[in-house]
Amino acid sequence: MTQRPPNIVLLTADALRADHLGCYGYHRDTSPALDRFASESLRYTNAYSASSHTREAVPAILTGEYPDVAISSDYHLATDTVASMLSEVGFTTAGFHSNPYVSRAYGFDRGFDTFDDDLHLGQHKLIALGQRLLDKLRNRHYARGDEINARSLSWVDSQASHEPFFLWNHYMDTHGPYEPPGEYATLYADRELSGREAQSLYQRAIDDPDSITMDEQQLLVDLYDAEIRYNDKQIGRFLDELRERELLDNSVVIISADHGDAFGENGYYEHPRYLHDEITHVPMIVQPPDGQQGTIETPVSTLDIAGTIEGILGNDPDFSLANPIENVEADDRRVFLQARGEDDQSHLRRYALRTESEACFCELDTNTDVIKHTDTTDPALRPELEAHVDERTRIKNGEQPRTAEDDVDANIERRLNALGYKE
Amino acid sequence: MRPNDSSAPLCQCYTSYMANRTVFRDDTSHPAMTEITLPDELADRIESRVERTDFENTNDYATFVLSEVVTRVERDADSEGRESAREGVEARLESLGYLEE
């Protein structure tokens with residue numbers, strides 16, 4: 001008799017950098033719930049996102065493919081996700097989040113039986129407009145963690161117990177503008193900001209980072225840390241709810257982030273298209289049903305999440321986050337990162353290589369095909385990174401050339417289908 | 001004038017009024033037909049129009065008119081919905097700092 005596979009619970013936080021969590025050495029007690037869960041799980045100290053921003057990072061998480069093939073040139077999902085794969089083998093699948101960049105409008109509901117992106121698509125125009133006005137009045141930028149929990153737990157409770165499920169919750173609390181709710185507003189900050197002040201400060205940090213004073217920089221960090229603490233409480237509550245339902249013992253739980261967030265360390269805020277530590281070093285906490293625990297320094301990528309899920313289904317992945325002992329050559333592992341430039345840098349592709357202790361960065365100019373090495377802790381890694389860039393370029397160029405008209409047509413078709421306007 | 005403006009009263013006829021005249025009847029040459037009732041006054045108007053068309057009977061003419069109107073309404077509803085959806089996504093992106101307001 002075939003054994004029923006465990007449920008798979010993937011919890012990701014938007015813009016949650018690892019080094020601001022207690023279990024990753026932060027000086028503030030921002031993450032008691034995650035710290036406790038990490039102590040009972042496998043915690044990867046050198047985990048990196050495949051990219052630095054949601055539009056490339058989340059597709060990599062959901063597909064296990066580098067962003068250059070996971071999404072199209074206009075950031076629509078271009079590859080099947082783990083949800084599709086799990087659906088095919090009998091899992092019920094659901095996703096709950098509120099980031100428009102990975103919403104139905106960009107095709108990210110593919111493979112999910114239930115997909116709630118908090119957008120009012122397909123509703124009557126007046127209802128959608130009213131909801132938007134209400135969000136604006138309330139200064140609501142996304143669904144808070146408690147809403148994501150309520151929606152996803154309601155879905156969990158509606159499921160037949162004999163079918164395994166895949167559940168993806170993506171929490172937005174740690175994404176700017178930083179406006180920690182209730183008592184969290186002054187957890188670390190001296191005073192509470194109005195919604196308008198918080199939004200204005202965040203936008204100015206993005207648009208004009210040089211104008212941010214030291215006090216304002218500290219205020220942004222204080223508010224961000226309080227958001228982490230709020231989000232930590234919500235993730236902790238969600239795990240408690242699963243435990244109360246006796247679901248945790250028969251589930252693989254993976255907790256990570258799509259990327260981090262910057263606070264002026266390299267002259268910018270938020271999470272633009274660079275590959276520095278602040279915006280790519282993410283938490284990775286994995287709790288397999290067999291109770292393995294430990295701290296692992298092997299470099300890993302958010303790309304490994306999909307492979308780990310394949311391994312849980314009995315396939316033989318190159319690398320499994322749930323089975324570190326069986327991973328061969330783990331000590332010498334390399335992970336690679338990439339980010340597309342945008343606006344006046346749209347011709348640039350940034351790449352990085354990470355080993356357990358070293359890093360190497362470069363930029364590819366797609367107009368000239370010239371690779372420029374921008375930074376490294378070990379120049380000996382440069383040839384490896386160049387070889388990786390060449391390989392990715394070959395794979396990318398292997399696609400059928402597309403015209404601008406093709407893109408427009410395909411875009412409209414995809415969006416119509418995503419919104420349910422076509423049969 | 002928007003193409004679906006003239007369609008509104010006609011649509012309401014089918015939802016608001018209970019009629020006493022049968023326009024569509026079961027016809028073995030058209031499988032899966034449904035009867036719809038109309039007010040007498042409207043049915044009379046339709047019948048009088050049929051004479052000025054190439055349609056052979058009231059059923060065929062009414063089917064054509066309804067089909068045309070519904071197609072236009074659907075097209076407009078889709079267009080409005082698409083625009084509304086786009087605005088919704090953009091509003092969220094603005095509030096997250098990705099787009100300038």
# chains A, B, ... in the order shown; residues from 1 in each chain; ligands from 1
$ interface_residues --of "chain B" --to "chain A" --cutoff "6 Å" --atoms "only C-alpha atoms" --output "ChimeraX atom specification"
/B:84-85,89,95,97
$ residues_around --residues "region 45-49 of chain B" --least-positions-apart "2" --cutoff "12 Å" --atoms "only C-alpha atoms" --output "PyMOL selection string"
chain B and resi 10+21-23+38-43+51-66
$ write_last_selection --atoms "C-alpha atoms" --output "PDB file, in the first residue's frame"
ATOM      1  CA  LEU B  10     -34.794  45.427 -23.811  1.00  0.00           C
ATOM      2  CA  ARG B  21     -47.010  35.956 -25.362  1.00  0.00           C
ATOM      3  CA  THR B  22     -44.718  33.109 -26.353  1.00  0.00           C
ATOM      4  CA  VAL B  23     -41.999  34.112 -28.741  1.00  0.00           C
ATOM      5  CA  LEU B  38     -42.646  38.886 -23.471  1.00  0.00           C
ATOM      6  CA  PRO B  39     -45.135  41.658 -22.910  1.00  0.00           C
ATOM      7  CA  ASP B  40     -47.748  41.778 -25.700  1.00  0.00           C
ATOM      8  CA  GLU B  41     -46.769  45.271 -26.720  1.00  0.00           C
ATOM      9  CA  LEU B  42     -43.142  44.319 -27.276  1.00  0.00           C
ATOM     10  CA  ALA B  43     -44.024  41.112 -29.084  1.00  0.00           C
ATOM     11  CA  GLU B  51     -42.061  41.993 -42.054  1.00  0.00           C
ATOM     12  CA  ARG B  52     -39.410  44.517 -43.004  1.00  0.00           C
ATOM     13  CA  THR B  53     -36.555  42.039 -42.657  1.00  0.00           C
ATOM     14  CA  ASP B  54     -35.299  38.980 -44.471  1.00  0.00           C
ATOM     15  CA  PHE B  55     -36.156  36.808 -41.503  1.00  0.00           C
ATOM     16  CA  GLU B  56     -38.825  34.235 -42.148  1.00  0.00           C
ATOM     17  CA  ASN B  57     -40.396  34.294 -38.705  1.00  0.00           C
ATOM     18  CA  THR B  58     -40.490  36.077 -35.373  1.00  0.00           C
ATOM     19  CA  ASN B  59     -38.419  33.457 -33.573  1.00  0.00           C
ATOM     20  CA  ASP B  60     -35.455  33.757 -35.921  1.00  0.00           C
ATOM     21  CA  TYR B  61     -35.579  37.559 -35.869  1.00  0.00           C
ATOM     22  CA  ALA B  62     -35.851  37.779 -32.065  1.00  0.00           C
ATOM     23  CA  THR B  63     -33.013  35.287 -31.691  1.00  0.00           C
ATOM     24  CA  PHE B  64     -30.826  37.416 -33.942  1.00  0.00           C
ATOM     25  CA  VAL B  65     -31.644  40.670 -32.127  1.00  0.00           C
ATOM     26  CA  LEU B  66     -31.085  39.205 -28.690  1.00  0.00           C
TER      27      LEU B  66
END
$ atom_distance --atom1 "CA of Asp375 (chain A)" --atom2 "CA of Ala60 (chain A)"
24.2 Å
$ residues_around --residues "region 289-300 of chain A" --least-positions-apart "6" --cutoff "8 Å" --atoms "only C-alpha atoms" --output "VMD selection string"
chain A and resid 6 39 to 48 248 to 252 330 to 331 333 to 335 354 to 356
$ write_last_selection --atoms "N, CA, C and O atoms" --output "short mmCIF file (atom, residue, chain, number, x, y, z; two decimals), in the first residue's frame"
data_model
loop_
_atom_site.label_atom_id
_atom_site.label_comp_id
_atom_site.auth_asym_id
_atom_site.auth_seq_id
_atom_site.Cartn_x
_atom_site.Cartn_y
_atom_site.Cartn_z
N PRO A 6 3.14 13.49 3.05
CA PRO A 6 2.80 14.53 4.03
C PRO A 6 2.22 15.75 3.33
O PRO A 6 2.42 15.97 2.13
N SER A 39 14.49 26.13 16.26
CA SER A 39 15.24 25.26 17.17
C SER A 39 14.75 23.82 17.09
O SER A 39 15.44 22.90 17.53
N GLU A 40 13.54 23.63 16.54
CA GLU A 40 12.98 22.28 16.40
C GLU A 40 13.08 21.80 14.96
O GLU A 40 12.45 20.81 14.58
N SER A 41 13.83 22.53 14.13
CA SER A 41 13.81 22.27 12.69
C SER A 41 15.22 22.30 12.12
O SER A 41 16.21 22.40 12.86
N LEU A 42 15.32 22.25 10.82
CA LEU A 42 16.57 22.45 10.11
C LEU A 42 16.65 23.93 9.74
O LEU A 42 15.76 24.46 9.09
N ARG A 43 17.72 24.58 10.19
CA ARG A 43 17.87 26.01 9.86
C ARG A 43 19.13 26.19 9.01
O ARG A 43 20.21 25.75 9.40
N TYR A 44 18.94 26.79 7.86
CA TYR A 44 20.06 27.01 6.93
C TYR A 44 20.59 28.43 7.12
O TYR A 44 19.86 29.41 6.94
N THR A 45 21.85 28.52 7.48
CA THR A 45 22.42 29.84 7.79
C THR A 45 22.80 30.61 6.54
O THR A 45 22.84 31.84 6.56
N ASN A 46 23.09 29.90 5.44
CA ASN A 46 23.50 30.56 4.20
C ASN A 46 22.47 30.33 3.10
O ASN A 46 22.74 29.66 2.09
N ALA A 47 21.29 30.87 3.31
CA ALA A 47 20.21 30.72 2.32
C ALA A 47 20.07 32.02 1.54
O ALA A 47 20.03 33.11 2.14
N TYR A 48 19.99 31.88 0.23
CA TYR A 48 19.88 33.06 -0.64
C TYR A 48 18.69 32.94 -1.56
O TYR A 48 18.39 31.86 -2.09
N LEU A 248 0.53 19.27 12.04
CA LEU A 248 1.95 19.60 11.93
C LEU A 248 2.82 18.34 11.84
O LEU A 248 3.82 18.31 11.11
N ASP A 249 2.41 17.28 12.56
CA ASP A 249 3.23 16.06 12.56
C ASP A 249 3.23 15.35 11.22
O ASP A 249 4.11 14.54 10.96
N ASN A 250 2.23 15.63 10.41
CA ASN A 250 2.19 14.99 9.09
C ASN A 250 2.37 16.02 7.98
O ASN A 250 1.77 15.93 6.92
N SER A 251 3.19 17.01 8.26
CA SER A 251 3.43 18.06 7.26
C SER A 251 4.91 18.39 7.18
O SER A 251 5.62 18.31 8.19
N VAL A 252 5.33 18.74 6.00
CA VAL A 252 6.65 19.37 5.85
C VAL A 252 6.40 20.87 5.85
O VAL A 252 5.58 21.36 5.05
N ALA A 330 27.85 18.57 -0.56
CA ALA A 330 27.24 19.76 0.02
C ALA A 330 28.28 20.78 0.46
O ALA A 330 28.04 21.99 0.43
N ASP A 331 29.45 20.27 0.87
CA ASP A 331 30.46 21.18 1.41
C ASP A 331 30.98 22.15 0.35
O ASP A 331 31.43 23.25 0.67
N ARG A 333 29.31 23.36 -2.25
CA ARG A 333 28.18 23.78 -3.06
C ARG A 333 28.24 25.26 -3.43
O ARG A 333 28.73 26.08 -2.67
N ARG A 334 27.75 25.57 -4.61
CA ARG A 334 27.60 26.96 -5.05
C ARG A 334 26.13 27.23 -5.33
O ARG A 334 25.42 26.36 -5.83
N VAL A 335 25.66 28.42 -5.00
CA VAL A 335 24.34 28.82 -5.45
C VAL A 335 24.48 30.13 -6.22
O VAL A 335 25.40 30.92 -5.96
N ARG A 354 27.46 32.36 -4.70
CA ARG A 354 27.74 32.29 -3.26
C ARG A 354 28.25 30.89 -2.92
O ARG A 354 27.66 29.89 -3.33
N THR A 355 29.33 30.86 -2.17
CA THR A 355 29.76 29.61 -1.55
C THR A 355 29.48 29.75 -0.06
O THR A 355 28.85 30.73 0.36
N GLU A 356 29.97 28.79 0.71
CA GLU A 356 29.68 28.87 2.15
C GLU A 356 30.26 30.15 2.76
O GLU A 356 29.70 30.72 3.69
#
$ select_by_dssp --residues "region 280-400 of chain A" --states "strand (DSSP E)" --output "number ranges by chain"
A: 284-287, 294-296, 300-301, 335-340, 348-354, 359-365, 370-376
$ closest_atom_pairs --of "region 309-385 of chain A" --to "region 75-81 of chain A" --cutoff "12 Å" --atoms "only C-alpha atoms" --output "CSV"
residue,atom,partner,partner_atom,distance
A:Ile309,CA,A:Thr81,CA,11.1
A:Glu310,CA,A:Thr81,CA,11.5
A:Arg340,CA,A:Tyr75,CA,10.7
$ select_by_dssp --residues "region 127-192 of chain A" --states "helix (DSSP H, G or I)" --output "compact mmCIF listing (two decimals) with all heavy atoms, in the first residue's frame"
# COMPACT_ATOMS: atom_id res chain seq x y z
N ILE A 127 -18.06 47.65 -7.29
CA ILE A 127 -17.63 46.96 -6.07
C ILE A 127 -16.12 47.06 -5.93
O ILE A 127 -15.58 47.38 -4.87
CB ILE A 127 -18.07 45.48 -6.09
CG1 ILE A 127 -19.59 45.39 -6.06
CG2 ILE A 127 -17.45 44.71 -4.92
CD1 ILE A 127 -20.14 44.01 -6.26
N ALA A 128 -15.42 46.81 -7.05
CA ALA A 128 -13.95 46.88 -7.03
C ALA A 128 -13.49 48.29 -6.69
O ALA A 128 -12.56 48.50 -5.91
CB ALA A 128 -13.39 46.44 -8.37
N LEU A 129 -14.16 49.29 -7.29
CA LEU A 129 -13.79 50.68 -7.04
C LEU A 129 -14.03 51.04 -5.57
O LEU A 129 -13.18 51.67 -4.92
CB LEU A 129 -14.62 51.59 -7.95
CG LEU A 129 -14.24 53.06 -7.96
CD1 LEU A 129 -12.83 53.24 -8.49
CD2 LEU A 129 -15.23 53.87 -8.80
N GLY A 130 -15.18 50.61 -5.04
CA GLY A 130 -15.50 50.88 -3.64
C GLY A 130 -14.47 50.26 -2.71
O GLY A 130 -14.05 50.88 -1.73
N GLN A 131 -14.05 49.04 -3.03
CA GLN A 131 -13.06 48.37 -2.20
C GLN A 131 -11.74 49.11 -2.23
O GLN A 131 -11.05 49.24 -1.21
CB GLN A 131 -12.89 46.93 -2.69
CG GLN A 131 -12.20 46.02 -1.70
CD GLN A 131 -13.00 45.85 -0.42
OE1 GLN A 131 -14.18 45.56 -0.47
NE2 GLN A 131 -12.37 46.09 0.72
N ARG A 132 -11.38 49.61 -3.42
CA ARG A 132 -10.11 50.33 -3.53
C ARG A 132 -10.15 51.62 -2.71
O ARG A 132 -9.18 51.99 -2.05
CB ARG A 132 -9.82 50.65 -5.00
CG ARG A 132 -9.36 49.46 -5.80
CD ARG A 132 -8.43 49.88 -6.91
NE ARG A 132 -9.00 50.83 -7.83
CZ ARG A 132 -9.82 50.50 -8.83
NH1 ARG A 132 -10.17 49.24 -9.00
NH2 ARG A 132 -10.29 51.41 -9.64
N LEU A 133 -11.31 52.31 -2.78
CA LEU A 133 -11.44 53.55 -2.00
C LEU A 133 -11.35 53.25 -0.51
O LEU A 133 -10.71 53.97 0.25
CB LEU A 133 -12.78 54.23 -2.33
CG LEU A 133 -12.84 54.92 -3.69
CD1 LEU A 133 -14.26 55.37 -3.99
CD2 LEU A 133 -11.89 56.12 -3.72
N LEU A 134 -12.00 52.17 -0.11
CA LEU A 134 -11.97 51.77 1.29
C LEU A 134 -10.54 51.46 1.73
O LEU A 134 -10.09 51.87 2.80
CB LEU A 134 -12.86 50.54 1.49
CG LEU A 134 -13.41 50.29 2.88
CD1 LEU A 134 -14.24 51.47 3.36
CD2 LEU A 134 -14.25 49.02 2.89
N ASP A 135 -9.82 50.73 0.89
CA ASP A 135 -8.41 50.41 1.20
C ASP A 135 -7.61 51.69 1.36
O ASP A 135 -6.75 51.80 2.23
CB ASP A 135 -7.80 49.55 0.08
CG ASP A 135 -8.28 48.12 0.14
OD1 ASP A 135 -8.94 47.76 1.13
OD2 ASP A 135 -8.00 47.36 -0.81
N LYS A 136 -7.88 52.65 0.48
CA LYS A 136 -7.13 53.90 0.51
C LYS A 136 -7.44 54.67 1.80
O LYS A 136 -6.54 55.19 2.45
CB LYS A 136 -7.49 54.74 -0.72
CG LYS A 136 -6.58 55.93 -0.91
CD LYS A 136 -6.27 56.15 -2.37
CE LYS A 136 -5.22 57.23 -2.52
NZ LYS A 136 -4.37 57.03 -3.67
N LEU A 137 -8.73 54.72 2.14
CA LEU A 137 -9.13 55.43 3.36
C LEU A 137 -8.50 54.79 4.59
O LEU A 137 -8.08 55.45 5.53
CB LEU A 137 -10.66 55.42 3.49
CG LEU A 137 -11.40 56.40 2.58
CD1 LEU A 137 -12.90 56.15 2.66
CD2 LEU A 137 -11.10 57.84 2.98
N GLY A 145 -1.21 39.75 8.11
CA GLY A 145 -0.98 38.35 8.46
C GLY A 145 -2.19 37.67 9.08
O GLY A 145 -2.47 36.50 8.81
N ASP A 146 -2.93 38.42 9.92
CA ASP A 146 -4.09 37.77 10.55
C ASP A 146 -5.16 37.43 9.52
O ASP A 146 -5.85 36.43 9.64
CB ASP A 146 -4.64 38.64 11.69
CG ASP A 146 -5.06 40.03 11.22
OD1 ASP A 146 -4.68 40.43 10.10
OD2 ASP A 146 -5.75 40.73 11.99
N GLU A 147 -5.27 38.28 8.47
CA GLU A 147 -6.23 37.97 7.41
C GLU A 147 -5.78 36.74 6.61
O GLU A 147 -6.59 35.88 6.26
CB GLU A 147 -6.37 39.16 6.45
CG GLU A 147 -7.00 40.39 7.07
CD GLU A 147 -6.99 41.56 6.10
OE1 GLU A 147 -7.86 41.61 5.23
OE2 GLU A 147 -6.08 42.42 6.20
N ILE A 148 -4.50 36.69 6.29
CA ILE A 148 -3.97 35.53 5.55
C ILE A 148 -4.19 34.25 6.36
O ILE A 148 -4.62 33.22 5.83
CB ILE A 148 -2.47 35.73 5.24
CG1 ILE A 148 -2.25 36.94 4.31
CG2 ILE A 148 -1.87 34.47 4.64
CD1 ILE A 148 -2.89 36.83 2.96
N ASN A 149 -3.94 34.34 7.66
CA ASN A 149 -4.16 33.17 8.52
C ASN A 149 -5.62 32.73 8.51
O ASN A 149 -5.92 31.55 8.37
CB ASN A 149 -3.74 33.48 9.96
CG ASN A 149 -2.24 33.48 10.14
OD1 ASN A 149 -1.50 33.08 9.24
ND2 ASN A 149 -1.78 33.91 11.31
N ALA A 150 -6.52 33.70 8.68
CA ALA A 150 -7.94 33.36 8.75
C ALA A 150 -8.40 32.71 7.45
O ALA A 150 -9.11 31.70 7.46
CB ALA A 150 -8.76 34.62 9.05
N ARG A 151 -7.96 33.28 6.33
CA ARG A 151 -8.40 32.73 5.04
C ARG A 151 -7.84 31.33 4.81
O ARG A 151 -8.55 30.43 4.36
CB ARG A 151 -7.94 33.66 3.91
CG ARG A 151 -8.65 34.98 3.90
CD ARG A 151 -8.02 35.97 2.94
NE ARG A 151 -8.58 37.30 3.12
CZ ARG A 151 -8.17 38.38 2.49
NH1 ARG A 151 -7.19 38.29 1.61
NH2 ARG A 151 -8.73 39.55 2.71
N SER A 152 -6.57 31.17 5.11
CA SER A 152 -5.96 29.87 4.83
C SER A 152 -6.44 28.79 5.81
O SER A 152 -6.63 27.64 5.41
CB SER A 152 -4.43 29.98 4.84
OG SER A 152 -3.98 30.54 6.05
N LEU A 153 -6.66 29.17 7.07
CA LEU A 153 -7.16 28.17 8.03
C LEU A 153 -8.59 27.77 7.70
O LEU A 153 -8.97 26.61 7.88
CB LEU A 153 -7.06 28.72 9.45
CG LEU A 153 -5.63 28.78 10.00
CD1 LEU A 153 -5.58 29.59 11.29
CD2 LEU A 153 -5.07 27.37 10.23
N SER A 154 -9.36 28.72 7.21
CA SER A 154 -10.72 28.39 6.79
C SER A 154 -10.66 27.37 5.65
O SER A 154 -11.44 26.41 5.61
CB SER A 154 -11.42 29.67 6.33
OG SER A 154 -12.67 29.37 5.77
N TRP A 155 -9.70 27.57 4.76
CA TRP A 155 -9.53 26.61 3.66
C TRP A 155 -9.08 25.25 4.20
O TRP A 155 -9.61 24.21 3.80
CB TRP A 155 -8.51 27.16 2.66
CG TRP A 155 -8.22 26.20 1.54
CD1 TRP A 155 -8.94 26.03 0.40
CD2 TRP A 155 -7.13 25.26 1.48
NE1 TRP A 155 -8.36 25.05 -0.38
CE2 TRP A 155 -7.26 24.56 0.26
CE3 TRP A 155 -6.08 24.96 2.33
CZ2 TRP A 155 -6.36 23.57 -0.12
CZ3 TRP A 155 -5.18 23.96 1.96
CH2 TRP A 155 -5.33 23.28 0.73
N VAL A 156 -8.12 25.27 5.12
CA VAL A 156 -7.64 24.01 5.71
C VAL A 156 -8.81 23.24 6.32
O VAL A 156 -8.96 22.03 6.11
CB VAL A 156 -6.56 24.29 6.79
CG1 VAL A 156 -6.30 23.06 7.64
CG2 VAL A 156 -5.26 24.76 6.13
N ASP A 157 -9.66 23.96 7.04
CA ASP A 157 -10.79 23.30 7.71
C ASP A 157 -11.82 22.76 6.73
O ASP A 157 -12.64 21.92 7.10
CB ASP A 157 -11.45 24.28 8.68
CG ASP A 157 -10.55 24.58 9.87
OD1 ASP A 157 -9.65 23.77 10.14
OD2 ASP A 157 -10.74 25.64 10.51
N GLY A 182 -1.22 48.66 15.78
CA GLY A 182 -1.51 48.62 17.22
C GLY A 182 -0.29 48.89 18.07
O GLY A 182 0.47 49.85 17.84
N GLU A 183 -0.11 48.03 19.05
CA GLU A 183 0.98 48.25 20.01
C GLU A 183 2.36 48.10 19.37
O GLU A 183 3.37 48.52 19.94
CB GLU A 183 0.85 47.31 21.21
CG GLU A 183 1.26 45.86 20.94
CD GLU A 183 0.09 44.93 20.68
OE1 GLU A 183 -0.93 45.40 20.15
OE2 GLU A 183 0.22 43.73 21.01
N TYR A 184 2.41 47.49 18.18
CA TYR A 184 3.70 47.31 17.51
C TYR A 184 4.26 48.63 16.97
O TYR A 184 5.44 48.74 16.70
CB TYR A 184 3.57 46.29 16.37
CG TYR A 184 3.25 44.91 16.87
CD1 TYR A 184 1.94 44.49 17.03
CD2 TYR A 184 4.26 44.02 17.21
CE1 TYR A 184 1.63 43.23 17.51
CE2 TYR A 184 3.98 42.75 17.69
CZ TYR A 184 2.66 42.36 17.84
OH TYR A 184 2.37 41.12 18.32
N ALA A 185 3.37 49.61 16.83
CA ALA A 185 3.79 50.89 16.24
C ALA A 185 4.94 51.52 17.03
O ALA A 185 5.83 52.14 16.46
CB ALA A 185 2.61 51.85 16.15
N THR A 186 4.89 51.39 18.34
CA THR A 186 5.93 51.99 19.19
C THR A 186 6.75 50.94 19.93
O THR A 186 7.33 51.21 20.98
CB THR A 186 5.30 52.97 20.20
OG1 THR A 186 4.25 52.29 20.91
CG2 THR A 186 4.74 54.19 19.51
$ closest_residue --among "A:Leu313, A:Tyr106, A:Gln217, A:Ile279" --to "Arg86 (chain B)" --atoms "only C-alpha atoms"
A:Tyr106
$ atom_distance --atom1 "CA of Met214 (chain A)" --atom2 "CA of Gly264 (chain A)"
9.8 Å
$ atom_distance --atom1 "CA of Asp109 (chain A)" --atom2 "CA of Thr71 (chain B)"
28.0 Å
$ residues_around --residues "Ser84 (chain A)" --least-positions-apart "6" --cutoff "10 Å" --atoms "only C-alpha atoms" --output "PyMOL selection string"
chain A and resi 62-63+91-93+109-113
